[in-house]
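Source file: entry.cif (mmCIF, C-alpha atoms)
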```
data_model
loop_
_atom_site.group_PDB
_atom_site.id
_atom_site.type_symbol
_atom_site.label_atom_id
_atom_site.label_comp_id
_atom_site.auth_asym_id
_atom_site.auth_seq_id
_atom_site.Cartn_x
_atom_site.Cartn_y
_atom_site.Cartn_z
ATOM 1 C CA MET V 1 -18.310 -1.310 -14.365
ATOM 2 C CA THR V 2 -16.523 -1.392 -11.043
ATOM 3 C CA GLY V 3 -15.066 1.943 -9.992
ATOM 4 C CA PHE V 4 -11.622 0.964 -8.693
ATOM 5 C CA ARG V 5 -9.825 -1.594 -10.881
ATOM 6 C CA ALA V 6 -6.624 -3.307 -9.775
ATOM 7 C CA SER V 7 -4.536 -5.291 -12.256
ATOM 8 C CA VAL V 8 -1.570 -7.266 -10.940
ATOM 9 C CA LEU V 9 1.122 -8.740 -13.187
ATOM 10 C CA THR V 10 2.895 -11.677 -11.562
ATOM 11 C CA ILE V 11 4.357 -15.112 -12.166
ATOM 12 C CA TYR V 12 2.341 -16.299 -9.148
ATOM 13 C CA PRO V 13 -1.273 -15.233 -9.791
ATOM 14 C CA GLU V 14 -2.465 -17.869 -7.341
ATOM 15 C CA MET V 15 -1.266 -15.580 -4.544
ATOM 16 C CA PHE V 16 -4.237 -13.308 -5.276
ATOM 17 C CA PRO V 17 -6.618 -12.290 -3.828
ATOM 18 C CA GLY V 18 -5.086 -14.033 -0.812
ATOM 19 C CA PRO V 19 -5.843 -11.980 2.317
ATOM 20 C CA LEU V 20 -7.633 -9.431 0.128
ATOM 21 C CA GLY V 21 -10.410 -11.980 -0.279
ATOM 22 C CA ILE V 22 -11.481 -11.771 3.361
ATOM 23 C CA SER V 23 -12.533 -9.138 5.891
ATOM 24 C CA LEU V 24 -13.209 -5.579 4.676
ATOM 25 C CA ALA V 25 -11.365 -5.910 1.369
ATOM 26 C CA GLY V 26 -12.993 -9.259 0.646
ATOM 27 C CA ARG V 27 -16.503 -8.016 1.276
ATOM 28 C CA ALA V 28 -15.833 -4.987 -0.907
ATOM 29 C CA LEU V 29 -14.465 -7.273 -3.621
ATOM 30 C CA GLN V 30 -17.580 -9.443 -3.516
ATOM 31 C CA SER V 31 -19.887 -6.432 -3.580
ATOM 32 C CA GLY V 32 -18.159 -4.927 -6.612
ATOM 33 C CA THR V 33 -16.722 -1.884 -4.849
ATOM 34 C CA TRP V 34 -13.431 -2.818 -6.480
ATOM 35 C CA SER V 35 -12.141 -5.482 -8.840
ATOM 36 C CA LEU V 36 -8.912 -7.475 -8.961
ATOM 37 C CA GLU V 37 -7.343 -9.188 -11.947
ATOM 38 C CA ALA V 38 -4.142 -11.203 -11.521
ATOM 39 C CA THR V 39 -2.383 -11.877 -14.834
ATOM 40 C CA GLN V 40 0.247 -14.552 -15.426
ATOM 41 C CA ILE V 41 3.318 -12.914 -16.965
ATOM 42 C CA ARG V 42 4.481 -16.256 -18.383
ATOM 43 C CA ASP V 43 1.495 -16.229 -20.741
ATOM 44 C CA PHE V 44 3.332 -13.538 -22.715
ATOM 45 C CA ALA V 45 6.555 -15.483 -23.200
ATOM 46 C CA THR V 46 7.184 -16.806 -26.702
ATOM 47 C CA ASP V 47 9.245 -19.942 -26.076
ATOM 48 C CA LYS V 48 8.002 -23.371 -25.077
ATOM 49 C CA HIS V 49 9.471 -23.000 -21.584
ATOM 50 C CA ARG V 50 7.547 -19.735 -21.008
ATOM 51 C CA THR V 51 10.768 -17.975 -20.043
ATOM 52 C CA VAL V 52 10.420 -14.527 -18.450
ATOM 53 C CA ASP V 53 14.018 -13.879 -17.365
ATOM 54 C CA ASP V 54 17.606 -13.924 -18.608
ATOM 55 C CA THR V 55 21.123 -13.359 -17.288
ATOM 56 C CA PRO V 56 22.064 -9.807 -16.234
ATOM 57 C CA ALA V 57 23.989 -7.686 -18.706
ATOM 58 C CA GLY V 58 27.512 -7.120 -17.440
ATOM 59 C CA GLY V 59 27.491 -10.363 -15.468
ATOM 60 C CA GLY V 60 26.639 -11.080 -11.880
ATOM 61 C CA PRO V 61 24.397 -13.447 -9.930
ATOM 62 C CA GLY V 62 20.735 -14.114 -10.445
ATOM 63 C CA MET V 63 18.410 -13.387 -13.329
ATOM 64 C CA VAL V 64 16.600 -10.288 -14.638
ATOM 65 C CA MET V 65 13.039 -10.140 -15.967
ATOM 66 C CA ARG V 66 12.961 -9.522 -19.733
ATOM 67 C CA PRO V 67 11.551 -6.209 -21.012
ATOM 68 C CA ASP V 68 9.920 -7.687 -24.124
ATOM 69 C CA VAL V 69 7.858 -10.189 -22.148
ATOM 70 C CA LEU V 70 6.900 -7.569 -19.563
ATOM 71 C CA ALA V 71 5.957 -5.070 -22.265
ATOM 72 C CA ARG V 72 3.502 -7.502 -23.835
ATOM 73 C CA ALA V 73 1.980 -8.257 -20.450
ATOM 74 C CA ILE V 74 1.625 -4.595 -19.487
ATOM 75 C CA ASP V 75 0.168 -3.612 -22.855
ATOM 76 C CA ALA V 76 -2.403 -6.396 -22.620
ATOM 77 C CA VAL V 77 -3.831 -5.259 -19.280
ATOM 78 C CA SER V 78 -3.092 -1.540 -19.580
ATOM 79 C CA PRO V 79 -3.461 -0.141 -23.120
ATOM 80 C CA ALA V 80 -2.294 3.339 -24.054
ATOM 81 C CA ASP V 81 -5.594 4.994 -23.054
ATOM 82 C CA ASP V 82 -5.566 3.472 -19.558
ATOM 83 C CA THR V 83 -5.283 6.315 -17.042
ATOM 84 C CA ARG V 84 -4.427 4.100 -14.086
ATOM 85 C CA PRO V 85 -0.946 4.609 -12.599
ATOM 86 C CA ARG V 86 1.532 1.789 -13.154
ATOM 87 C CA LEU V 87 3.577 0.694 -10.158
ATOM 88 C CA LEU V 88 6.599 -1.563 -9.908
ATOM 89 C CA MET V 89 7.116 -3.071 -6.459
ATOM 90 C CA THR V 90 10.846 -2.953 -5.731
ATOM 91 C CA PRO V 91 13.074 -2.262 -2.694
ATOM 92 C CA ARG V 92 14.771 0.499 -4.710
ATOM 93 C CA GLY V 93 11.517 2.432 -5.075
ATOM 94 C CA ARG V 94 10.201 5.483 -3.274
ATOM 95 C CA PRO V 95 8.690 4.575 0.113
ATOM 96 C CA LEU V 96 4.931 4.146 0.178
ATOM 97 C CA THR V 97 3.267 6.857 2.278
ATOM 98 C CA GLN V 98 -0.263 7.442 3.499
ATOM 99 C CA PRO V 99 -0.715 10.499 1.249
ATOM 100 C CA ARG V 100 0.251 8.330 -1.738
ATOM 101 C CA VAL V 101 -2.229 5.681 -0.596
ATOM 102 C CA ARG V 102 -4.988 8.275 -0.417
ATOM 103 C CA GLU V 103 -4.042 9.554 -3.859
ATOM 104 C CA LEU V 104 -4.341 6.055 -5.312
ATOM 105 C CA ALA V 105 -7.651 5.448 -3.530
ATOM 106 C CA GLY V 106 -9.059 8.569 -5.164
ATOM 107 C CA GLY V 107 -8.188 7.381 -8.659
ATOM 108 C CA PRO V 108 -9.639 4.863 -11.124
ATOM 109 C CA GLY V 109 -7.417 1.999 -9.995
ATOM 110 C CA VAL V 110 -3.850 0.773 -10.314
ATOM 111 C CA VAL V 111 -1.649 -1.545 -12.373
ATOM 112 C CA ILE V 112 1.022 -3.303 -10.297
ATOM 113 C CA LEU V 113 3.990 -5.195 -11.684
ATOM 114 C CA CYS V 114 5.497 -7.640 -9.208
ATOM 115 C CA GLY V 115 9.234 -7.954 -9.679
ATOM 116 C CA ARG V 116 11.091 -11.216 -9.112
ATOM 117 C CA PHE V 117 14.661 -12.530 -9.256
ATOM 118 C CA GLU V 118 17.212 -9.661 -9.336
ATOM 119 C CA GLY V 119 14.603 -7.246 -10.669
ATOM 120 C CA VAL V 120 13.413 -6.074 -14.077
ATOM 121 C CA ASP V 121 15.204 -4.642 -17.102
ATOM 122 C CA HIS V 122 15.241 -0.887 -16.456
ATOM 123 C CA ARG V 123 14.108 -0.127 -19.976
ATOM 124 C CA ILE V 124 10.613 -1.373 -19.121
ATOM 125 C CA VAL V 125 10.487 1.118 -16.250
ATOM 126 C CA GLU V 126 11.240 3.968 -18.609
ATOM 127 C CA ARG V 127 9.321 2.791 -21.685
ATOM 128 C CA ARG V 128 6.100 1.971 -19.803
ATOM 129 C CA GLY V 129 6.221 4.758 -17.222
ATOM 130 C CA LEU V 130 6.446 2.587 -14.126
ATOM 131 C CA ALA V 131 6.616 4.290 -10.736
ATOM 132 C CA GLU V 132 8.960 2.297 -8.505
ATOM 133 C CA VAL V 133 7.469 1.809 -5.032
ATOM 134 C CA SER V 134 8.901 0.247 -1.859
ATOM 135 C CA ILE V 135 7.054 -0.769 1.303
ATOM 136 C CA GLY V 136 10.171 -0.713 3.472
ATOM 137 C CA ASP V 137 13.938 -0.955 3.737
ATOM 138 C CA TYR V 138 14.190 -4.721 3.410
ATOM 139 C CA VAL V 139 14.130 -7.303 0.634
ATOM 140 C CA LEU V 140 11.294 -9.756 -0.072
ATOM 141 C CA SER V 141 11.287 -12.795 -2.348
ATOM 142 C CA GLY V 142 9.146 -10.895 -4.822
ATOM 143 C CA GLY V 143 6.740 -8.030 -5.285
ATOM 144 C CA GLU V 144 3.556 -9.999 -4.606
ATOM 145 C CA VAL V 145 3.484 -9.481 -0.844
ATOM 146 C CA ALA V 146 4.268 -5.800 -1.363
ATOM 147 C CA ALA V 147 1.416 -5.542 -3.883
ATOM 148 C CA LEU V 148 -0.957 -7.049 -1.329
ATOM 149 C CA VAL V 149 0.162 -4.405 1.173
ATOM 150 C CA VAL V 150 -0.468 -1.582 -1.276
ATOM 151 C CA LEU V 151 -3.903 -2.853 -2.232
ATOM 152 C CA ASP V 152 -4.952 -3.480 1.363
ATOM 153 C CA ALA V 153 -3.953 0.061 2.322
ATOM 154 C CA VAL V 154 -5.807 1.539 -0.665
ATOM 155 C CA VAL V 155 -8.968 -0.551 -0.689
ATOM 156 C CA ARG V 156 -9.851 0.170 2.938
ATOM 157 C CA LEU V 157 -10.052 3.867 2.020
ATOM 158 C CA LEU V 158 -12.525 3.370 -0.832
ATOM 159 C CA PRO V 159 -15.975 4.831 -0.111
ATOM 160 C CA GLY V 160 -18.151 2.410 1.834
ATOM 161 C CA VAL V 161 -15.436 -0.109 2.712
ATOM 162 C CA MET V 162 -14.966 0.963 6.317
ATOM 163 C CA GLY V 163 -18.197 1.037 8.313
ATOM 164 C CA ASN V 164 -17.471 4.487 9.732
ATOM 165 C CA HIS V 165 -16.168 6.856 7.067
ATOM 166 C CA THR V 166 -14.149 8.734 9.699
ATOM 167 C CA SER V 167 -12.454 5.580 11.025
ATOM 168 C CA GLY V 168 -9.212 6.320 9.202
ATOM 169 C CA ASP V 169 -8.949 9.981 10.069
ATOM 170 C CA THR V 170 -7.079 9.539 13.374
ATOM 171 C CA GLU V 171 -4.950 6.525 12.483
ATOM 172 C CA SER V 172 -1.172 6.511 12.396
ATOM 173 C CA HIS V 173 0.342 8.663 9.626
ATOM 174 C CA GLU V 174 -2.927 10.392 8.688
ATOM 175 C CA ALA V 175 -1.888 13.626 10.400
ATOM 176 C CA GLY V 176 1.840 12.995 10.229
ATOM 177 C CA LEU V 177 1.818 11.441 13.706
ATOM 178 C CA LEU V 178 1.598 7.941 15.115
ATOM 179 C CA GLU V 179 -1.722 7.002 16.655
ATOM 180 C CA HIS V 180 -2.451 7.413 20.366
ATOM 181 C CA PRO V 181 -2.884 4.294 22.574
ATOM 182 C CA GLN V 182 -6.275 2.572 22.460
ATOM 183 C CA TYR V 183 -8.276 1.013 25.322
ATOM 184 C CA THR V 184 -11.536 -0.900 25.794
ATOM 185 C CA ARG V 185 -13.338 -2.994 28.416
ATOM 186 C CA PRO V 186 -12.727 -4.386 30.987
ATOM 187 C CA ALA V 187 -12.049 -1.192 32.894
ATOM 188 C CA LEU V 188 -9.507 -2.998 35.086
ATOM 189 C CA PHE V 189 -7.067 -5.466 33.502
ATOM 190 C CA GLU V 190 -4.376 -7.170 35.574
ATOM 191 C CA GLY V 191 -4.369 -4.302 38.014
ATOM 192 C CA GLU V 192 -4.189 -1.551 35.393
ATOM 193 C CA GLU V 193 -7.096 0.813 34.753
ATOM 194 C CA ILE V 194 -8.126 2.630 31.602
ATOM 195 C CA PRO V 195 -6.855 6.235 31.862
ATOM 196 C CA PRO V 196 -9.670 8.048 33.722
ATOM 197 C CA VAL V 197 -9.869 10.845 31.153
ATOM 198 C CA LEU V 198 -11.140 8.364 28.549
ATOM 199 C CA THR V 199 -14.150 7.468 30.701
ATOM 200 C CA SER V 200 -14.816 11.014 31.914
ATOM 201 C CA GLY V 201 -17.316 11.872 29.206
ATOM 202 C CA ASP V 202 -15.490 15.134 28.549
ATOM 203 C CA HIS V 203 -14.877 15.033 24.781
ATOM 204 C CA ALA V 204 -12.559 18.040 24.787
ATOM 205 C CA LYS V 205 -10.322 16.470 27.421
ATOM 206 C CA VAL V 206 -10.347 13.153 25.564
ATOM 207 C CA ALA V 207 -9.292 14.878 22.346
ATOM 208 C CA LEU V 208 -6.491 16.738 24.142
ATOM 209 C CA TRP V 209 -5.258 13.519 25.789
ATOM 210 C CA ARG V 210 -5.207 11.688 22.481
ATOM 211 C CA LYS V 211 -3.324 14.490 20.757
ATOM 212 C CA THR V 212 -0.798 14.700 23.598
ATOM 213 C CA GLU V 213 -0.213 10.944 23.526
ATOM 214 C CA ALA V 214 0.153 10.951 19.736
ATOM 215 C CA LEU V 215 2.785 13.668 19.994
ATOM 216 C CA LYS V 216 4.596 11.770 22.740
ATOM 217 C CA VAL V 217 4.707 8.391 20.981
ATOM 218 C CA THR V 218 5.770 9.955 17.685
ATOM 219 C CA ARG V 219 8.593 11.890 19.327
ATOM 220 C CA GLU V 220 9.822 8.740 21.126
ATOM 221 C CA ARG V 221 9.475 6.162 18.336
ATOM 222 C CA ARG V 222 9.780 8.056 15.058
ATOM 223 C CA PRO V 223 12.088 11.063 15.326
ATOM 224 C CA ASP V 224 11.966 11.378 11.527
ATOM 225 C CA LEU V 225 8.197 11.884 11.579
ATOM 226 C CA TRP V 226 8.478 14.164 14.588
ATOM 227 C CA GLU V 227 11.013 16.374 12.842
ATOM 228 C CA ALA V 228 8.827 16.620 9.728
ATOM 229 C CA TYR V 229 5.750 17.392 11.842
ATOM 230 C CA SER V 230 7.609 20.027 13.831
ATOM 231 C CA ARG V 231 8.584 21.834 10.624
ATOM 232 C CA ARG V 232 4.959 22.295 9.610
ATOM 233 C CA GLY V 233 3.272 25.627 10.063
ATOM 234 C CA PRO V 234 0.217 25.857 12.375
ATOM 235 C CA GLY V 235 -2.151 25.794 9.408
ATOM 236 C CA GLU V 236 -0.561 22.616 8.034
ATOM 237 C CA ARG V 237 -1.059 20.557 11.165
ATOM 238 C CA ASP V 238 -4.205 18.619 11.952
ATOM 239 C CA PRO V 239 -6.941 20.557 13.739
ATOM 240 C CA GLY V 240 -6.777 18.253 16.750
#
```
Output the file's structure as structure tokens, nothing else.
Amino acid sequence: MTGFRASVLTIYPEMFPGPLGISLAGRALQSGTWSLEATQIRDFATDKHRTVDDTPAGGGPGMVMRPDVLARAIDAVSPADDTRPRLLMTPRGRPLTQPRVRELAGGPGVVILCGRFEGVDHRIVERRGLAEVSIGDYVLSGGEVAALVVLDAVVRLLPGVMGNHTSGDTESHEAGLLEHPQYTRPALFEGEEIPPVLTSGDHAKVALWRKTEALKVTRERRPDLWEAYSRRGPGERDPG
């Protein structure tokens, strides 16, 4: 049995695995490091038209996904004894963070419901314990792209997926800071050299430069992250 199991509920299962079928995630999928099941929500409708939505109570534009259809779909892929967290991708959810990604990667898997239309009947959120998650302050056509983002972020942290197990340790958001600039060969590109400290061979100086640059770019580009980082005590900050 595969360790990390992802179940996605969607009216467009053909969107999966999509980009998750290539590169690191794809190789891990083929090797059995994780598994992905995309389930068609319409299969749980009871009418001949396979209807999954209806008009919003109280009036208004658009359509809302029905709780009875969604309940049958969720119960089919995630029975009562399933310990995997259930997520609903929605712009009204709590923002996805790197600590949350790491938490998911350390668990048995995830069940993701992809919202469509004007959203889902809120009773399904409450009755099936869905955690509402957002990937940003903007609106997509549906939750499928957001689900792909969540799974890509999680799968790359599973043991053995990244070639170097420390590859993710210094990336943006891991220590509450944005990542420092990166360089590689050629040493001279269009008149600009790699910062000499990075080719000095002095690991302590390299580490200090990277930390200084990470602090600088975070302060300039993400004052919200900088403020949160600044509030941390010395023992809460990264050792770098």
Selection: 7 Å around Ala73 (chain V), all atoms listed in the file, excl. self and same-chain fewer than 3 positions, as a ChimeraX atom specification:
/V:41,44,69-70,76-77
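Interatomic distance, CA of Tyr138 (chain V) against CA of Leu113 (chain V): 18.2 Å.
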Would you pick out the contacts of Glu118 (chain V) at 6 Å or less, using all atoms listed in the file, so that residues sharing its chain but fewer than 4 positions from it are not included, and give the list as a list of chain:residue names?
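After dropping sequence-adjacent residues, the list is V:Gly62, V:Met63, V:Val64.
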I'd like to know which of V:Met162, V:Ala146, V:Ile74, V:Val155 is closest to Arg127 (chain V), using all atoms listed in the file.
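When distances to Arg127 (chain V) are compared using all atoms listed in the file, the smallest one comes from V:Ile74.
Residues matched by the PyMOL selection byres ((chain V and resi 86) around 7) in this file are V:Arg84, V:Pro85, V:Leu87, V:Leu88, V:Val110, V:Val111, V:Ile112, V:Gly129, V:Leu130, V:Ala131.
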On this structure, the PyMOL selection byres ((chain V and resi 53) around 8) would catch which residues? List them as number ranges by chain, sorted by chain and number.
V: 51-52, 54-55, 63-66
Enter the distance from CA of Ala80 (chain V) to CA of Ser35 (chain V), in Å, rounded to one decimal.
20.2 Å
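Nearest-residue note for Ser134 (chain V): choosing from V:His122, V:Lys205, V:Arg156, V:Arg100, the minimum distance belongs to V:Arg100, counting only C-alpha atoms.
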From CA of Leu158 (chain V) to CA of Gly106 (chain V) the spacing works out at 7.6 Å
Using all atoms listed in the file, determine which residues lie at most 10 Å from Val145 (chain V), disregarding the query and same-chain residues fewer than 6 positions distant; provide the list as a VMD selection string.
chain V and resid 15 to 16 18 89 114 135
C-alpha atoms of region 68-169 of chain V, written as a PDB file, in the first residue's frame:
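Output below, filename selection00.pdb:
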```
ATOM      1  CA  ASP V  68     -26.276  15.535  -1.052  1.00  0.00           C
ATOM      2  CA  VAL V  69     -24.275  14.746  -4.181  1.00  0.00           C
ATOM      3  CA  LEU V  70     -21.031  15.901  -2.567  1.00  0.00           C
ATOM      4  CA  ALA V  71     -21.732  13.886   0.576  1.00  0.00           C
ATOM      5  CA  ARG V  72     -22.088  10.672  -1.412  1.00  0.00           C
ATOM      6  CA  ALA V  73     -18.877  11.394  -3.285  1.00  0.00           C
ATOM      7  CA  ILE V  74     -16.900  12.198  -0.138  1.00  0.00           C
ATOM      8  CA  ASP V  75     -18.214   9.168   1.739  1.00  0.00           C
ATOM      9  CA  ALA V  76     -17.268   6.896  -1.151  1.00  0.00           C
ATOM     10  CA  VAL V  77     -13.604   7.928  -1.210  1.00  0.00           C
ATOM     11  CA  SER V  78     -13.211   8.846   2.459  1.00  0.00           C
ATOM     12  CA  PRO V  79     -15.197   6.629   4.860  1.00  0.00           C
ATOM     13  CA  ALA V  80     -15.601   7.472   8.530  1.00  0.00           C
ATOM     14  CA  ASP V  81     -12.373   5.697   9.559  1.00  0.00           C
ATOM     15  CA  ASP V  82     -10.247   7.603   7.031  1.00  0.00           C
ATOM     16  CA  THR V  83      -7.748   9.727   8.965  1.00  0.00           C
ATOM     17  CA  ARG V  84      -6.724  11.865   6.006  1.00  0.00           C
ATOM     18  CA  PRO V  85      -7.607  15.573   6.268  1.00  0.00           C
ATOM     19  CA  ARG V  86     -10.339  16.803   3.940  1.00  0.00           C
ATOM     20  CA  LEU V  87      -9.691  20.059   2.113  1.00  0.00           C
ATOM     21  CA  LEU V  88     -12.000  22.280   0.105  1.00  0.00           C
ATOM     22  CA  MET V  89     -10.203  24.545  -2.361  1.00  0.00           C
ATOM     23  CA  THR V  90     -11.910  27.938  -2.216  1.00  0.00           C
ATOM     24  CA  PRO V  91     -10.832  31.611  -2.350  1.00  0.00           C
ATOM     25  CA  ARG V  92     -12.565  32.124   1.013  1.00  0.00           C
ATOM     26  CA  GLY V  93     -10.292  29.606   2.732  1.00  0.00           C
ATOM     27  CA  ARG V  94      -7.285  30.071   4.973  1.00  0.00           C
ATOM     28  CA  PRO V  95      -4.123  30.782   2.955  1.00  0.00           C
ATOM     29  CA  LEU V  96      -1.901  27.797   2.266  1.00  0.00           C
ATOM     30  CA  THR V  97       1.443  28.119   4.068  1.00  0.00           C
ATOM     31  CA  GLN V  98       4.668  26.147   3.999  1.00  0.00           C
ATOM     32  CA  PRO V  99       4.160  24.867   7.565  1.00  0.00           C
ATOM     33  CA  ARG V 100       0.744  23.538   6.503  1.00  0.00           C
ATOM     34  CA  VAL V 101       2.342  21.899   3.465  1.00  0.00           C
ATOM     35  CA  ARG V 102       4.903  20.190   5.677  1.00  0.00           C
ATOM     36  CA  GLU V 103       2.151  19.051   8.025  1.00  0.00           C
ATOM     37  CA  LEU V 104       0.259  17.460   5.138  1.00  0.00           C
ATOM     38  CA  ALA V 105       3.422  15.833   3.780  1.00  0.00           C
ATOM     39  CA  GLY V 106       3.971  14.176   7.148  1.00  0.00           C
ATOM     40  CA  GLY V 107       0.519  12.605   7.168  1.00  0.00           C
ATOM     41  CA  PRO V 108      -1.136   9.636   5.446  1.00  0.00           C
ATOM     42  CA  GLY V 109      -2.481  11.667   2.535  1.00  0.00           C
ATOM     43  CA  VAL V 110      -5.246  14.119   1.719  1.00  0.00           C
ATOM     44  CA  VAL V 111      -8.775  14.301   0.316  1.00  0.00           C
ATOM     45  CA  ILE V 112      -9.379  17.407  -1.811  1.00  0.00           C
ATOM     46  CA  LEU V 113     -12.758  18.655  -2.967  1.00  0.00           C
ATOM     47  CA  CYS V 114     -12.552  20.988  -5.950  1.00  0.00           C
ATOM     48  CA  GLY V 115     -15.273  23.609  -5.841  1.00  0.00           C
ATOM     49  CA  ARG V 116     -16.924  24.962  -8.980  1.00  0.00           C
ATOM     50  CA  PHE V 117     -19.588  27.509  -9.934  1.00  0.00           C
ATOM     51  CA  GLU V 118     -20.383  29.870  -7.012  1.00  0.00           C
ATOM     52  CA  GLY V 119     -19.081  27.349  -4.490  1.00  0.00           C
ATOM     53  CA  VAL V 120     -20.532  24.531  -2.403  1.00  0.00           C
ATOM     54  CA  ASP V 121     -23.448  24.330   0.020  1.00  0.00           C
ATOM     55  CA  HIS V 122     -21.918  25.266   3.381  1.00  0.00           C
ATOM     56  CA  ARG V 123     -23.605  22.370   5.116  1.00  0.00           C
ATOM     57  CA  ILE V 124     -21.196  19.953   3.427  1.00  0.00           C
ATOM     58  CA  VAL V 125     -18.287  21.918   4.887  1.00  0.00           C
ATOM     59  CA  GLU V 126     -19.670  21.494   8.375  1.00  0.00           C
ATOM     60  CA  ARG V 127     -21.106  17.975   8.081  1.00  0.00           C
ATOM     61  CA  ARG V 128     -17.984  16.449   6.495  1.00  0.00           C
ATOM     62  CA  GLY V 129     -15.354  18.476   8.344  1.00  0.00           C
ATOM     63  CA  LEU V 130     -13.829  20.207   5.340  1.00  0.00           C
ATOM     64  CA  ALA V 131     -10.944  22.608   5.912  1.00  0.00           C
ATOM     65  CA  GLU V 132     -11.300  25.517   3.492  1.00  0.00           C
ATOM     66  CA  VAL V 133      -7.967  26.354   1.847  1.00  0.00           C
ATOM     67  CA  SER V 134      -6.948  29.167  -0.521  1.00  0.00           C
ATOM     68  CA  ILE V 135      -3.777  29.463  -2.595  1.00  0.00           C
ATOM     69  CA  GLY V 136      -4.064  33.230  -2.999  1.00  0.00           C
ATOM     70  CA  ASP V 137      -6.239  36.325  -3.049  1.00  0.00           C
ATOM     71  CA  TYR V 138      -7.714  35.806  -6.500  1.00  0.00           C
ATOM     72  CA  VAL V 139     -10.466  33.738  -8.089  1.00  0.00           C
ATOM     73  CA  LEU V 140      -9.958  30.739 -10.392  1.00  0.00           C
ATOM     74  CA  SER V 141     -12.504  28.949 -12.566  1.00  0.00           C
ATOM     75  CA  GLY V 142     -12.477  26.042 -10.145  1.00  0.00           C
ATOM     76  CA  GLY V 143     -10.528  24.264  -7.452  1.00  0.00           C
ATOM     77  CA  GLU V 144      -8.646  21.886  -9.751  1.00  0.00           C
ATOM     78  CA  VAL V 145      -5.678  24.155 -10.434  1.00  0.00           C
ATOM     79  CA  ALA V 146      -5.484  24.973  -6.728  1.00  0.00           C
ATOM     80  CA  ALA V 147      -5.528  21.250  -5.899  1.00  0.00           C
ATOM     81  CA  LEU V 148      -2.625  20.699  -8.286  1.00  0.00           C
ATOM     82  CA  VAL V 149      -0.705  23.447  -6.479  1.00  0.00           C
ATOM     83  CA  VAL V 150      -1.318  21.874  -3.086  1.00  0.00           C
ATOM     84  CA  LEU V 151      -0.289  18.416  -4.232  1.00  0.00           C
ATOM     85  CA  ASP V 152       2.824  19.656  -6.016  1.00  0.00           C
ATOM     86  CA  ALA V 153       3.937  21.508  -2.888  1.00  0.00           C
ATOM     87  CA  VAL V 154       3.289  18.462  -0.688  1.00  0.00           C
ATOM     88  CA  VAL V 155       4.603  15.665  -2.882  1.00  0.00           C
ATOM     89  CA  ARG V 156       8.026  17.241  -3.387  1.00  0.00           C
ATOM     90  CA  LEU V 157       8.532  17.045   0.390  1.00  0.00           C
ATOM     91  CA  LEU V 158       7.795  13.317   0.633  1.00  0.00           C
ATOM     92  CA  PRO V 159      10.853  11.230   1.554  1.00  0.00           C
ATOM     93  CA  GLY V 160      12.924  10.344  -1.496  1.00  0.00           C
ATOM     94  CA  VAL V 161      11.191  12.662  -3.968  1.00  0.00           C
ATOM     95  CA  MET V 162      13.872  15.341  -4.040  1.00  0.00           C
ATOM     96  CA  GLY V 163      17.340  13.999  -4.815  1.00  0.00           C
ATOM     97  CA  ASN V 164      18.933  15.899  -1.934  1.00  0.00           C
ATOM     98  CA  HIS V 165      16.849  15.658   1.230  1.00  0.00           C
ATOM     99  CA  THR V 166      18.096  19.088   2.332  1.00  0.00           C
ATOM    100  CA  SER V 167      17.136  20.782  -0.952  1.00  0.00           C
ATOM    101  CA  GLY V 168      14.022  22.350   0.542  1.00  0.00           C
ATOM    102  CA  ASP V 169      15.550  23.583   3.760  1.00  0.00           C
TER     103      ASP V 169
END
```
